[in-house]
$ cat final.txt   # compact mmCIF, C-alpha atoms
# COMPACT_ATOMS: atom_id res chain seq x y z
CA MET A 6 6.91 -10.11 35.72
CA LYS A 7 8.11 -13.63 35.06
CA GLN A 8 6.91 -13.45 31.48
CA CYS A 9 8.71 -10.14 30.95
CA LEU A 10 11.95 -11.73 32.14
CA ILE A 11 11.45 -14.59 29.70
CA ILE A 12 11.06 -12.11 26.83
CA ILE A 13 14.23 -10.28 27.83
CA ALA A 14 16.06 -13.58 27.90
CA MET A 15 14.77 -14.34 24.41
CA ALA A 16 16.26 -11.05 23.23
CA ALA A 17 19.76 -12.43 23.72
CA ALA A 18 18.96 -15.21 21.26
CA VAL A 19 17.47 -12.68 18.83
CA LEU A 20 20.73 -10.73 18.78
CA CYS A 21 22.50 -13.81 17.47
CA GLY A 22 19.55 -14.88 15.34
CA CYS A 23 19.80 -11.75 13.22
CA ARG A 24 22.90 -13.25 11.62
CA LYS A 25 21.28 -16.55 10.75
CA ASN A 26 21.76 -16.89 6.99
CA ASN A 27 22.86 -19.82 4.86
CA VAL A 28 25.19 -17.70 2.75
CA GLU A 29 28.88 -17.02 2.38
CA PRO A 30 30.46 -14.96 5.21
CA GLU A 31 30.98 -11.88 3.00
CA THR A 32 27.31 -11.79 2.02
CA ALA A 33 26.21 -12.49 5.59
CA ARG A 34 28.16 -9.50 6.88
CA GLU A 35 26.49 -7.26 4.28
CA GLU A 36 22.92 -8.46 4.89
CA ALA A 37 22.95 -9.07 8.65
CA PRO A 38 22.17 -5.47 9.69
CA ARG A 39 18.88 -5.62 7.76
CA TYR A 40 17.75 -9.13 8.74
CA VAL A 41 14.99 -8.98 11.34
CA ALA A 42 12.59 -11.88 11.91
CA LEU A 43 8.96 -10.87 12.44
CA GLU A 44 8.45 -13.44 15.20
CA ASP A 45 11.41 -11.99 17.12
CA VAL A 46 10.04 -8.46 16.79
CA ALA A 47 6.64 -9.56 18.15
CA ARG A 48 8.29 -11.25 21.15
CA ILE A 49 10.43 -8.19 21.92
CA PHE A 50 7.46 -5.80 21.75
CA ALA A 51 5.40 -8.13 23.96
CA GLY A 52 8.05 -7.71 26.67
CA LEU A 53 7.87 -3.90 26.67
CA PRO A 54 5.88 -1.99 29.33
CA ILE A 55 3.42 -0.66 26.76
CA GLY A 56 0.73 1.63 28.09
CA VAL A 57 -1.94 3.98 26.81
CA GLU A 58 0.62 6.59 25.72
CA GLN A 59 2.41 4.14 23.44
CA MET A 60 -0.95 2.90 22.16
CA GLY A 61 -1.77 6.52 21.30
CA GLU A 62 1.53 6.89 19.41
CA VAL A 63 0.83 3.89 17.18
CA HIS A 64 -2.79 4.97 16.81
CA ASP A 65 -1.69 8.43 15.64
CA ALA A 66 0.62 6.93 13.01
CA ALA A 67 -1.93 4.37 11.77
CA LEU A 68 -4.61 7.02 11.29
CA GLU A 69 -2.16 9.38 9.58
CA SER A 70 -1.13 6.63 7.16
CA ALA A 71 -4.79 5.92 6.35
CA ALA A 72 -5.48 9.64 5.82
CA ASN A 73 -2.55 9.73 3.37
CA GLY A 74 -4.04 6.91 1.29
CA TYR A 75 -2.04 4.00 2.74
CA ASP A 76 -2.92 1.15 5.08
CA GLU A 77 -3.08 1.52 8.88
CA GLU A 78 0.66 1.12 9.41
CA TYR A 79 3.60 2.51 11.36
CA LEU A 80 7.04 2.09 9.81
CA MET A 81 9.92 1.22 12.13
CA LYS A 82 11.93 3.97 10.47
CA ASP A 83 9.32 6.51 11.58
CA LEU A 84 9.02 4.90 15.01
CA PHE A 85 12.70 5.67 15.61
CA GLU A 86 13.14 8.91 13.66
CA ALA A 87 9.71 10.60 13.56
CA PRO A 88 7.40 9.25 16.29
CA GLY A 89 3.71 9.35 15.44
CA CYS A 90 4.27 9.98 11.73
CA GLY A 91 2.34 7.97 9.18
CA VAL A 92 3.45 6.80 5.76
CA GLY A 93 3.64 9.86 3.50
CA ASP A 94 4.20 12.32 6.36
CA LEU A 95 7.22 14.61 6.46
CA PRO A 96 9.52 14.08 9.47
CA SER A 97 8.60 17.60 10.58
CA LYS A 98 5.17 16.22 11.57
CA ALA A 99 6.75 14.09 14.31
CA ARG A 100 4.90 14.39 17.63
CA GLU A 101 6.17 14.73 21.18
CA TYR A 102 5.52 11.83 23.56
CA ARG A 103 6.67 11.59 27.14
CA LYS A 104 7.84 8.01 26.58
CA PRO A 105 7.80 7.01 22.90
CA LEU A 106 8.16 3.38 21.88
CA ARG A 107 11.71 3.94 20.69
CA ASP A 108 12.71 4.82 24.28
CA LEU A 109 11.15 1.63 25.61
CA LEU A 110 13.10 -0.39 23.05
CA LYS A 111 16.38 1.34 23.87
CA GLU A 112 15.85 0.81 27.59
CA ALA A 113 15.05 -2.87 27.07
CA PHE A 114 18.41 -3.32 25.31
CA SER A 115 20.46 -0.95 27.47
CA THR A 116 21.63 -3.78 29.73
CA LYS A 117 22.48 -6.06 26.83
CA ALA A 118 26.06 -6.88 26.05
CA GLU A 119 27.49 -6.76 22.54
CA GLY A 120 24.91 -6.83 19.75
CA GLY A 121 21.98 -4.92 21.26
CA ALA A 122 22.59 -1.65 19.42
CA GLU A 123 23.19 -3.55 16.20
CA TRP A 124 19.82 -5.29 16.44
CA LEU A 125 18.01 -2.01 17.04
CA ASP A 126 19.81 -0.47 14.06
CA SER A 127 18.73 -3.46 11.97
CA LEU A 128 15.14 -2.99 13.09
CA MET A 129 15.18 0.71 12.24
CA VAL A 130 16.36 0.22 8.63
CA SER A 131 14.30 -2.91 7.99
CA ASP A 132 10.96 -3.06 6.14
CA VAL A 133 9.17 -4.16 9.32
CA GLN A 134 6.15 -2.17 10.47
CA ILE A 135 3.31 -2.30 12.97
CA TYR A 136 0.04 -2.95 11.15
CA TRP A 137 -3.07 -2.13 13.18
CA PRO A 138 -6.22 -3.22 11.31
CA PHE A 139 -9.48 -1.49 12.29
CA SER A 140 -7.48 0.99 14.37
CA ASP A 141 -10.19 3.65 14.12
CA SER A 142 -12.39 1.58 16.44
CA TRP A 143 -9.92 1.68 19.36
CA ASN A 144 -11.63 2.75 22.62
CA GLY A 145 -8.62 4.73 23.84
CA SER A 146 -7.66 2.41 26.70
CA ALA A 147 -7.47 -1.26 25.66
CA LEU A 148 -3.96 -2.72 25.35
CA PRO A 149 -2.98 -4.65 22.23
CA VAL A 150 -2.58 -8.27 21.29
CA ILE A 151 0.80 -8.44 19.53
CA THR A 152 1.32 -10.98 16.77
CA TYR A 153 3.15 -11.29 13.44
CA ASP A 154 2.49 -12.34 9.85
CA PRO A 155 3.27 -16.09 9.66
CA GLY A 156 2.95 -16.12 5.85
CA ASP A 157 1.47 -18.91 3.73
CA LEU A 158 -1.99 -17.26 3.68
CA ALA A 159 -2.53 -18.23 7.33
CA THR A 160 -5.79 -17.11 8.96
CA SER A 161 -4.66 -17.41 12.60
CA ASN A 162 -1.46 -17.23 14.61
CA VAL A 163 -0.17 -17.07 18.17
CA GLY A 164 -0.33 -13.68 19.83
CA TYR A 165 0.60 -12.01 23.11
CA ALA A 166 -2.31 -10.27 24.88
CA LEU A 167 -0.76 -7.56 27.03
CA LYS A 168 -2.13 -6.93 30.53
CA ALA A 169 -2.00 -3.84 32.73
CA ASP A 170 0.43 -5.50 35.18
CA GLY A 171 3.10 -5.82 32.49
CA THR A 172 2.55 -9.52 31.77
CA PHE A 173 0.74 -11.17 28.87
CA ASP A 174 -1.37 -14.17 27.99
CA LYS A 175 -0.71 -16.31 24.93
CA VAL A 176 -3.76 -16.40 22.67
CA MET A 177 -4.69 -17.40 19.13
CA VAL A 178 -5.32 -14.38 16.93
CA ASP A 179 -7.59 -14.23 13.89
CA GLU A 180 -9.27 -11.44 11.94
CA GLU A 181 -12.44 -11.64 14.02
CA MET A 182 -10.39 -10.83 17.14
CA ALA A 183 -8.77 -7.91 15.31
CA ARG A 184 -12.22 -6.47 14.66
CA GLU A 185 -13.15 -6.68 18.34
CA ARG A 186 -9.97 -5.57 20.12
CA PRO A 187 -6.69 -3.85 19.19
CA VAL A 188 -4.24 -6.16 17.43
CA TRP A 189 -0.76 -5.12 16.32
CA VAL A 190 0.63 -7.26 13.53
CA MET A 191 4.35 -7.16 12.85
CA ASN A 192 4.55 -7.47 9.07
CA ARG A 193 6.54 -6.07 6.17
CA ASN A 194 5.75 -2.89 4.32
CA SER A 195 4.92 -3.10 0.62
CA ASP A 196 3.38 0.27 -0.28
CA ALA A 197 5.48 3.07 1.26
CA GLU A 198 7.70 3.40 -1.81
CA TYR A 199 4.69 4.28 -4.00
CA LYS A 200 2.74 7.51 -4.05
CA SER A 201 -0.86 6.93 -3.10
CA LEU A 202 -3.68 8.55 -5.05
CA GLU A 203 -4.27 10.89 -2.12
CA MET A 204 -0.63 12.05 -2.17
CA ARG A 205 -0.81 12.61 -5.93
CA ARG A 206 -3.94 14.74 -5.48
CA ARG A 207 -2.15 16.96 -2.99
CA GLU A 208 0.69 17.53 -5.45
CA ASP A 209 -1.47 17.96 -8.56
CA PRO A 210 -5.07 19.22 -8.35
CA SER A 211 -5.82 17.80 -11.83
CA TRP A 212 -6.17 14.36 -10.23
CA GLY A 213 -9.48 15.54 -8.76
CA ASN A 214 -11.01 15.29 -5.30
CA GLY A 215 -12.42 11.97 -4.20
CA GLY A 216 -16.19 12.27 -4.05
CA GLY A 217 -16.11 15.83 -5.41
CA ASP A 218 -16.39 17.20 -8.91
CA ILE A 219 -13.81 17.43 -11.65
CA ILE A 220 -14.44 20.76 -13.34
CA VAL A 221 -13.72 20.94 -17.06
CA GLY A 222 -13.84 24.45 -18.49
CA PRO A 223 -15.76 25.32 -21.66
CA ALA A 224 -14.04 23.92 -24.73
CA THR A 225 -13.02 26.06 -27.64
CA LYS A 226 -14.03 25.05 -31.16
CA ALA A 227 -10.59 23.50 -31.69
CA GLN A 228 -10.98 21.45 -28.51
CA ALA A 229 -14.55 20.33 -29.12
CA ASP A 230 -13.69 16.66 -29.74
CA ILE A 231 -11.34 16.33 -26.73
CA LYS A 232 -12.68 14.50 -23.70
CA SER A 233 -11.19 13.21 -20.45
CA LEU A 234 -11.49 9.65 -19.16
CA ILE A 235 -12.35 9.69 -15.46
CA LEU A 236 -12.31 6.90 -12.88
CA ARG A 237 -15.34 7.88 -10.80
CA SER A 238 -15.29 5.06 -8.25
CA PHE A 239 -13.60 1.78 -7.37
CA THR A 240 -15.11 -1.22 -5.54
CA ALA A 241 -12.99 -4.25 -4.59
CA LYS A 242 -15.02 -7.40 -3.93
CA ARG A 243 -12.29 -9.70 -2.57
CA GLN A 244 -8.94 -9.70 -0.82
CA TYR A 245 -5.98 -11.48 -2.38
CA ASP A 246 -3.72 -11.92 0.65
CA SER A 247 -3.93 -13.08 4.25
CA TRP A 248 -5.31 -10.47 6.65
CA PHE A 249 -1.95 -10.54 8.47
CA ALA A 250 -0.40 -8.93 5.40
CA GLY A 251 -2.83 -5.99 5.49
CA GLY A 252 -5.24 -4.62 2.91
CA ALA A 253 -4.89 -4.86 -0.84
CA GLU A 254 -2.71 -2.58 -2.97
CA PHE A 255 -4.28 -2.32 -6.42
CA PHE A 256 -2.50 -0.63 -9.29
CA VAL A 257 -4.54 0.88 -12.11
CA LYS A 258 -2.52 1.17 -15.32
CA VAL A 259 -3.68 2.84 -18.54
CA GLY A 260 -1.70 3.11 -21.77
CA SER A 261 -2.77 5.58 -24.45
CA VAL A 262 -1.70 8.35 -26.83
CA GLU A 263 -3.02 11.57 -25.35
CA ASN A 264 -4.17 14.57 -27.40
CA PHE A 265 -3.61 12.63 -30.63
CA LYS A 266 -4.34 14.82 -33.66
CA ALA A 267 -2.06 13.41 -36.38
CA SER A 268 -3.49 13.45 -39.88
CA THR A 269 -0.56 11.78 -41.70
CA GLU A 270 1.55 8.70 -41.05
CA ALA A 271 4.61 10.92 -40.73
CA GLU A 272 2.95 12.88 -37.92
CA LEU A 273 2.09 9.62 -36.20
CA LYS A 274 5.79 9.07 -35.48
CA LEU A 275 5.93 12.31 -33.51
CA TYR A 276 3.65 10.93 -30.79
CA ASN A 277 4.84 8.86 -27.85
CA PRO A 278 2.51 6.71 -25.77
CA THR A 279 1.82 7.67 -22.16
CA ILE A 280 1.12 5.40 -19.20
CA THR A 281 -0.94 6.37 -16.19
CA ASP A 282 0.00 4.16 -13.24
CA PHE A 283 -1.24 4.73 -9.69
CA MET A 284 -1.93 2.80 -6.51
CA ILE A 285 -5.24 2.40 -4.69
CA VAL A 286 -5.06 0.91 -1.20
CA VAL A 287 -8.26 -0.83 -0.09
CA ARG A 288 -8.21 -1.43 3.65
CA ARG A 289 -9.87 -4.51 5.16
CA LYS A 290 -12.94 -2.61 6.34
CA GLN A 291 -13.42 -1.07 2.87
CA MET A 292 -13.86 -4.40 1.11
CA GLY A 293 -17.12 -4.32 -0.86
CA GLU A 294 -17.58 -0.57 -0.37
CA GLU A 295 -17.78 1.82 -3.31
CA ILE A 296 -14.88 4.25 -2.91
CA PRO A 297 -15.17 7.55 -4.84
CA PHE A 298 -12.01 8.66 -6.64
CA ASN A 299 -12.64 11.04 -9.55
CA ALA A 300 -9.13 10.46 -10.89
CA ILE A 301 -8.23 11.40 -14.47
CA LEU A 302 -6.94 8.38 -16.37
CA ILE A 303 -6.55 10.06 -19.78
CA SER A 304 -6.70 13.84 -19.76
CA GLU A 305 -7.05 14.42 -23.52
CA TRP A 306 -8.89 11.67 -25.40
CA THR A 307 -9.56 12.85 -28.96
CA SER A 308 -11.81 11.18 -31.51
CA LYS A 309 -8.69 9.84 -33.25
CA LEU A 310 -7.88 7.61 -30.25
CA THR A 311 -10.14 4.57 -30.66
CA ASN A 312 -8.97 2.45 -27.71
CA CYS A 313 -6.56 2.27 -24.80
CA ALA A 314 -4.78 -0.54 -22.93
CA PHE A 315 -6.14 -1.05 -19.41
CA MET A 316 -4.92 -3.23 -16.55
CA ILE A 317 -5.61 -3.68 -12.83
CA VAL A 318 -3.19 -5.72 -10.69
CA GLU A 319 -2.92 -6.48 -6.98
CA ASP A 320 0.68 -6.00 -5.95
CA ASP A 321 2.58 -9.06 -4.71
CA GLY A 322 6.13 -8.10 -5.63
CA GLY A 323 8.63 -10.17 -7.56
CA SER A 324 10.91 -9.20 -10.41
CA ARG A 325 10.02 -6.33 -12.73
CA THR A 326 8.43 -7.28 -16.05
CA THR A 327 6.05 -5.68 -18.57
CA TRP A 328 2.80 -6.30 -20.41
CA LYS A 329 3.19 -5.54 -24.10
CA ALA A 330 -0.04 -4.04 -25.36
CA ASN A 331 -1.39 -1.65 -28.00
CA ALA A 332 -3.34 1.56 -28.08
CA VAL A 333 -5.12 2.14 -31.38
CA VAL A 334 -5.24 5.47 -33.19
CA LYS A 335 -6.84 6.45 -36.49
CA VAL A 336 -5.13 8.40 -39.28
CA ASN A 337 -7.07 9.09 -42.49
CA SER A 338 -9.60 6.38 -41.61
CA LYS A 339 -6.83 3.81 -41.10
CA SER A 340 -6.18 2.28 -37.67
CA TYR A 341 -2.65 1.97 -36.32
CA GLY A 342 -1.48 0.15 -33.22
CA VAL A 343 0.91 2.05 -30.96
CA GLU A 344 3.07 -0.34 -28.93
CA LEU A 345 3.09 0.03 -25.16
CA GLU A 346 5.04 -1.65 -22.38
CA ILE A 347 3.11 -1.42 -19.13
CA PRO A 348 5.16 -2.36 -16.03
CA LEU A 349 4.12 -4.97 -13.47
CA ASN A 350 5.77 -7.44 -11.08
CA SER A 351 6.14 -11.15 -11.78
CA ARG A 352 4.10 -12.21 -8.72
CA ASP A 353 1.31 -9.65 -9.13
CA ASP A 354 -2.25 -10.95 -9.29
CA ILE A 355 -3.71 -9.74 -12.57
CA VAL A 356 -7.28 -8.71 -11.78
CA TRP A 357 -8.12 -7.61 -15.34
CA ARG A 358 -6.31 -6.56 -18.48
CA GLY A 359 -7.41 -5.84 -21.99
CA SER A 360 -8.46 -3.10 -24.38
CA LEU A 361 -11.10 -0.47 -23.68
CA THR A 362 -12.66 1.10 -26.75
CA ARG A 363 -14.06 4.58 -26.93
CA SER A 364 -17.41 3.20 -28.10
CA TYR A 365 -17.63 0.90 -25.04
CA ILE A 366 -16.79 3.69 -22.61
CA GLU A 367 -19.25 6.11 -24.22
CA LYS A 368 -22.02 3.49 -24.15
CA TYR A 369 -21.52 2.67 -20.46
CA SER A 370 -20.22 6.06 -19.29
CA GLY A 371 -21.24 6.63 -15.68
CA GLU A 372 -22.48 3.05 -15.20
CA VAL A 373 -20.95 0.23 -13.14
CA GLY A 374 -18.59 -1.98 -15.14
CA HIS A 375 -17.35 -5.36 -13.91
CA PHE A 376 -13.62 -6.02 -14.27
CA GLY A 377 -12.91 -9.34 -12.60
CA ASP A 378 -13.24 -8.83 -8.85
CA ILE A 379 -13.37 -5.05 -9.26
CA ASP A 380 -16.34 -2.82 -10.11
CA LEU A 381 -15.49 0.51 -11.74
CA ILE A 382 -17.45 3.52 -12.88
CA LEU A 383 -15.70 5.13 -15.83
CA GLU A 384 -16.85 8.28 -17.57
CA LEU A 385 -15.84 10.33 -20.61
CA ILE A 386 -16.50 14.00 -19.98
$ encode --input "final.txt" --output "structure tokens"
Amino acid sequence: MKQCLIIIAMAAAVLCGCRKNNVEPETAREEAPRYVALEDVARIFAGLPIGVEQMGEVHDAALESAANGYDEEYLMKDLFEAPGCGVGDLPSKAREYRKPLRDLLKEAFSTKAEGGAEWLDSLMVSDVQIYWPFSDSWNGSALPVITYDPGDLATSNVGYALKADGTFDKVMVDEEMARERPVWVMNRNSDAEYKSLEMRRREDPSWGNGGGDIIVGPATKAQADIKSLILRSFTAKRQYDSWFAGGAEFFVKVGSVENFKASTEAELKLYNPTITDFMIVVRRKQMGEEIPFNAILISEWTSKLTNCAFMIVEDDGGSRTTWKANAVVKVNSKSYGVELEIPLNSRDDIVWRGSLTRSYIEKYSGEVGHFGDIDLILELI
């Protein structure tokens, strides 16, 4: 119990620490409610009487997030407002727990003087989450080691190994430990604002079922030269970030002019380029595995479209910018470049970008293509 008392004492410092900013007072007052240090969150959670029920709550959320096409994560917003919900779930899917984590947090701060409620409010609206790598291997009883993302591509960090008597041991945590026993990493969410490929499929069947078939009906004579470009599978061969930050969020971006049939230069001006842009989350355990997708990249590729702009990035945030590229179309045997601006972030890792021609895709349709650290199977059908 001594260690629990130390953690509670630390909480008092955390309540003041949430205002620690080297900015003008006006700005500090605006930002303070959202400033939550990851190390502080890990210390607070390590002092809670976490048991199998709370483990089950986080486990439910992590598996739901993964099923929805995201990483194994539990947003603090959901922890407070929709216990057990994963990223992408509606609040109506919240589950009933006898003693959810939010209640343990509120009880831990119930005896605090001024500032306790403010810190909990800050935690709830922050981008902090519980990341549980390899959560599907949990044995249903082991308690977690709680740590946090130290940044700077670190491979190990201090953690708090919880024990059944309510105390903990300080240990060093690395990815190997996370594979062998449950580890909760307090880190920051980077993918919840985007729709995963799985969520897009649920909204629009034309995206296709992963591992299933995309059915294209018989073409009429007028449609005979129209094909669809399909991403059959995706294999990531390396991670770009520290394991504390979670898996990789890849964005596949394709710029083209769909269903292009112009036969004069005047008609060319009637067409606007389209950009397909979607996220693929590759969890740590999926690295090197071929993941079936069957997602349509270009739904109507006619013979007049000779190439498209193609880019894969791994998301790292930063300011919004664009890649200026061209898609090429043919009118009366003449080729014209259609300008495209494909969005990306300034700190994104560019895995591959360039032009894909129809002749290249037709030649290697259905075969593995190497795009930097990514292997893709593309197909025109």
$ atom_distance --input "final.txt" --atom1 "atom CA of A:Ser308" --atom2 "atom CA of A:Phe239"
26.0 Å
$ residues_around --input "final.txt" --residues "A:Arg193" --least-positions-apart "4" --cutoff "9 Å" --atoms "all atoms listed in the file" --output "ChimeraX atom specification"
/A:43,80,131-136,154,250
$ closest_residue --input "final.txt" --among "A:Gln59, A:Asn73, A:Thr152, A:Thr307" --to "A:Glu44" --atoms "all atoms listed in the file"
A:Thr152
$ atom_distance --input "final.txt" --atom1 "atom CA of A:Val259" --atom2 "atom CA of A:Phe283"
9.4 Å
$ closest_residue --input "final.txt" --among "A:Ile296, A:Ala72, A:Val150, A:Leu236" --to "A:Met177" --atoms "all atoms listed in the file"
A:Val150
$ atom_distance --input "final.txt" --atom1 "atom CA of A:Gly61" --atom2 "atom CA of A:Gly145"
7.5 Å
$ residues_near_point --input "final.txt" --point "(9.2, 10.4, 25.6)" --cutoff "12 Å" --atoms "all atoms listed in the file" --output "MDAnalysis selection string"
chainID A and resid 58:59 62 84:85 88:89 100:112
$ closest_residue --input "final.txt" --among "A:Lys329, A:Gly91, A:Leu148, A:Gly252" --to "A:Tyr165" --atoms "all atoms listed in the file"
A:Leu148
$ residues_around --input "final.txt" --residues "A:Trp248" --least-positions-apart "2" --cutoff "10 Å" --atoms "all atoms listed in the file" --output "VMD selection string"
chain A and resid 138 154 158 to 161 179 to 180 183 190 244 to 246 250 to 253 288 to 289
$ residues_near_point --input "final.txt" --point "(-9.7, -3.4, -20.5)" --cutoff "9 Å" --atoms "all atoms listed in the file" --output "number ranges by chain"
A: 259, 313-317, 357-362, 376
$ axis_aligned_box --input "final.txt" --around "stretch 187-197 of chain A" --padding-each-side "5 Å" --output "AutoDock Vina command-line options"
--center_x -0.1 --center_y -2.2 --center_z 9.5 --size_x 23.2 --size_y 20.5 --size_z 29.5
$ residues_around --input "final.txt" --residues "A:Leu349" --least-positions-apart "6" --cutoff "12 Å" --atoms "only C-alpha atoms" --output "number ranges by chain"
A: 255-258, 282-283, 316-329, 355, 358
$ write_last_selection --input "final.txt" --atoms "C-alpha atoms" --output "mmCIF file, in the coordinates of the input"
data_model
loop_
_atom_site.group_PDB
_atom_site.id
_atom_site.type_symbol
_atom_site.label_atom_id
_atom_site.label_comp_id
_atom_site.auth_asym_id
_atom_site.auth_seq_id
_atom_site.Cartn_x
_atom_site.Cartn_y
_atom_site.Cartn_z
ATOM 1 C CA PHE A 255 -4.280 -2.320 -6.420
ATOM 2 C CA PHE A 256 -2.500 -0.630 -9.290
ATOM 3 C CA VAL A 257 -4.540 0.880 -12.110
ATOM 4 C CA LYS A 258 -2.520 1.170 -15.320
ATOM 5 C CA ASP A 282 0.000 4.160 -13.240
ATOM 6 C CA PHE A 283 -1.240 4.730 -9.690
ATOM 7 C CA MET A 316 -4.920 -3.230 -16.550
ATOM 8 C CA ILE A 317 -5.610 -3.680 -12.830
ATOM 9 C CA VAL A 318 -3.190 -5.720 -10.690
ATOM 10 C CA GLU A 319 -2.920 -6.480 -6.980
ATOM 11 C CA ASP A 320 0.680 -6.000 -5.950
ATOM 12 C CA ASP A 321 2.580 -9.060 -4.710
ATOM 13 C CA GLY A 322 6.130 -8.100 -5.630
ATOM 14 C CA GLY A 323 8.630 -10.170 -7.560
ATOM 15 C CA SER A 324 10.910 -9.200 -10.410
ATOM 16 C CA ARG A 325 10.020 -6.330 -12.730
ATOM 17 C CA THR A 326 8.430 -7.280 -16.050
ATOM 18 C CA THR A 327 6.050 -5.680 -18.570
ATOM 19 C CA TRP A 328 2.800 -6.300 -20.410
ATOM 20 C CA LYS A 329 3.190 -5.540 -24.100
ATOM 21 C CA ILE A 355 -3.710 -9.740 -12.570
ATOM 22 C CA ARG A 358 -6.310 -6.560 -18.480
#
$ closest_residue --input "final.txt" --among "A:Arg186, A:Arg237, A:Lys98, A:Arg363" --to "A:Ile301" --atoms "all atoms listed in the file"
A:Arg237
$ closest_residue --input "final.txt" --among "A:Trp137, A:Trp143, A:Tyr79, A:Tyr153" --to "A:Asp45" --atoms "all atoms listed in the file"
A:Tyr153
$ closest_residue --input "final.txt" --among "A:Ile366, A:Val286, A:Ala169, A:Val41" --to "A:Glu123" --atoms "only C-alpha atoms"
A:Val41
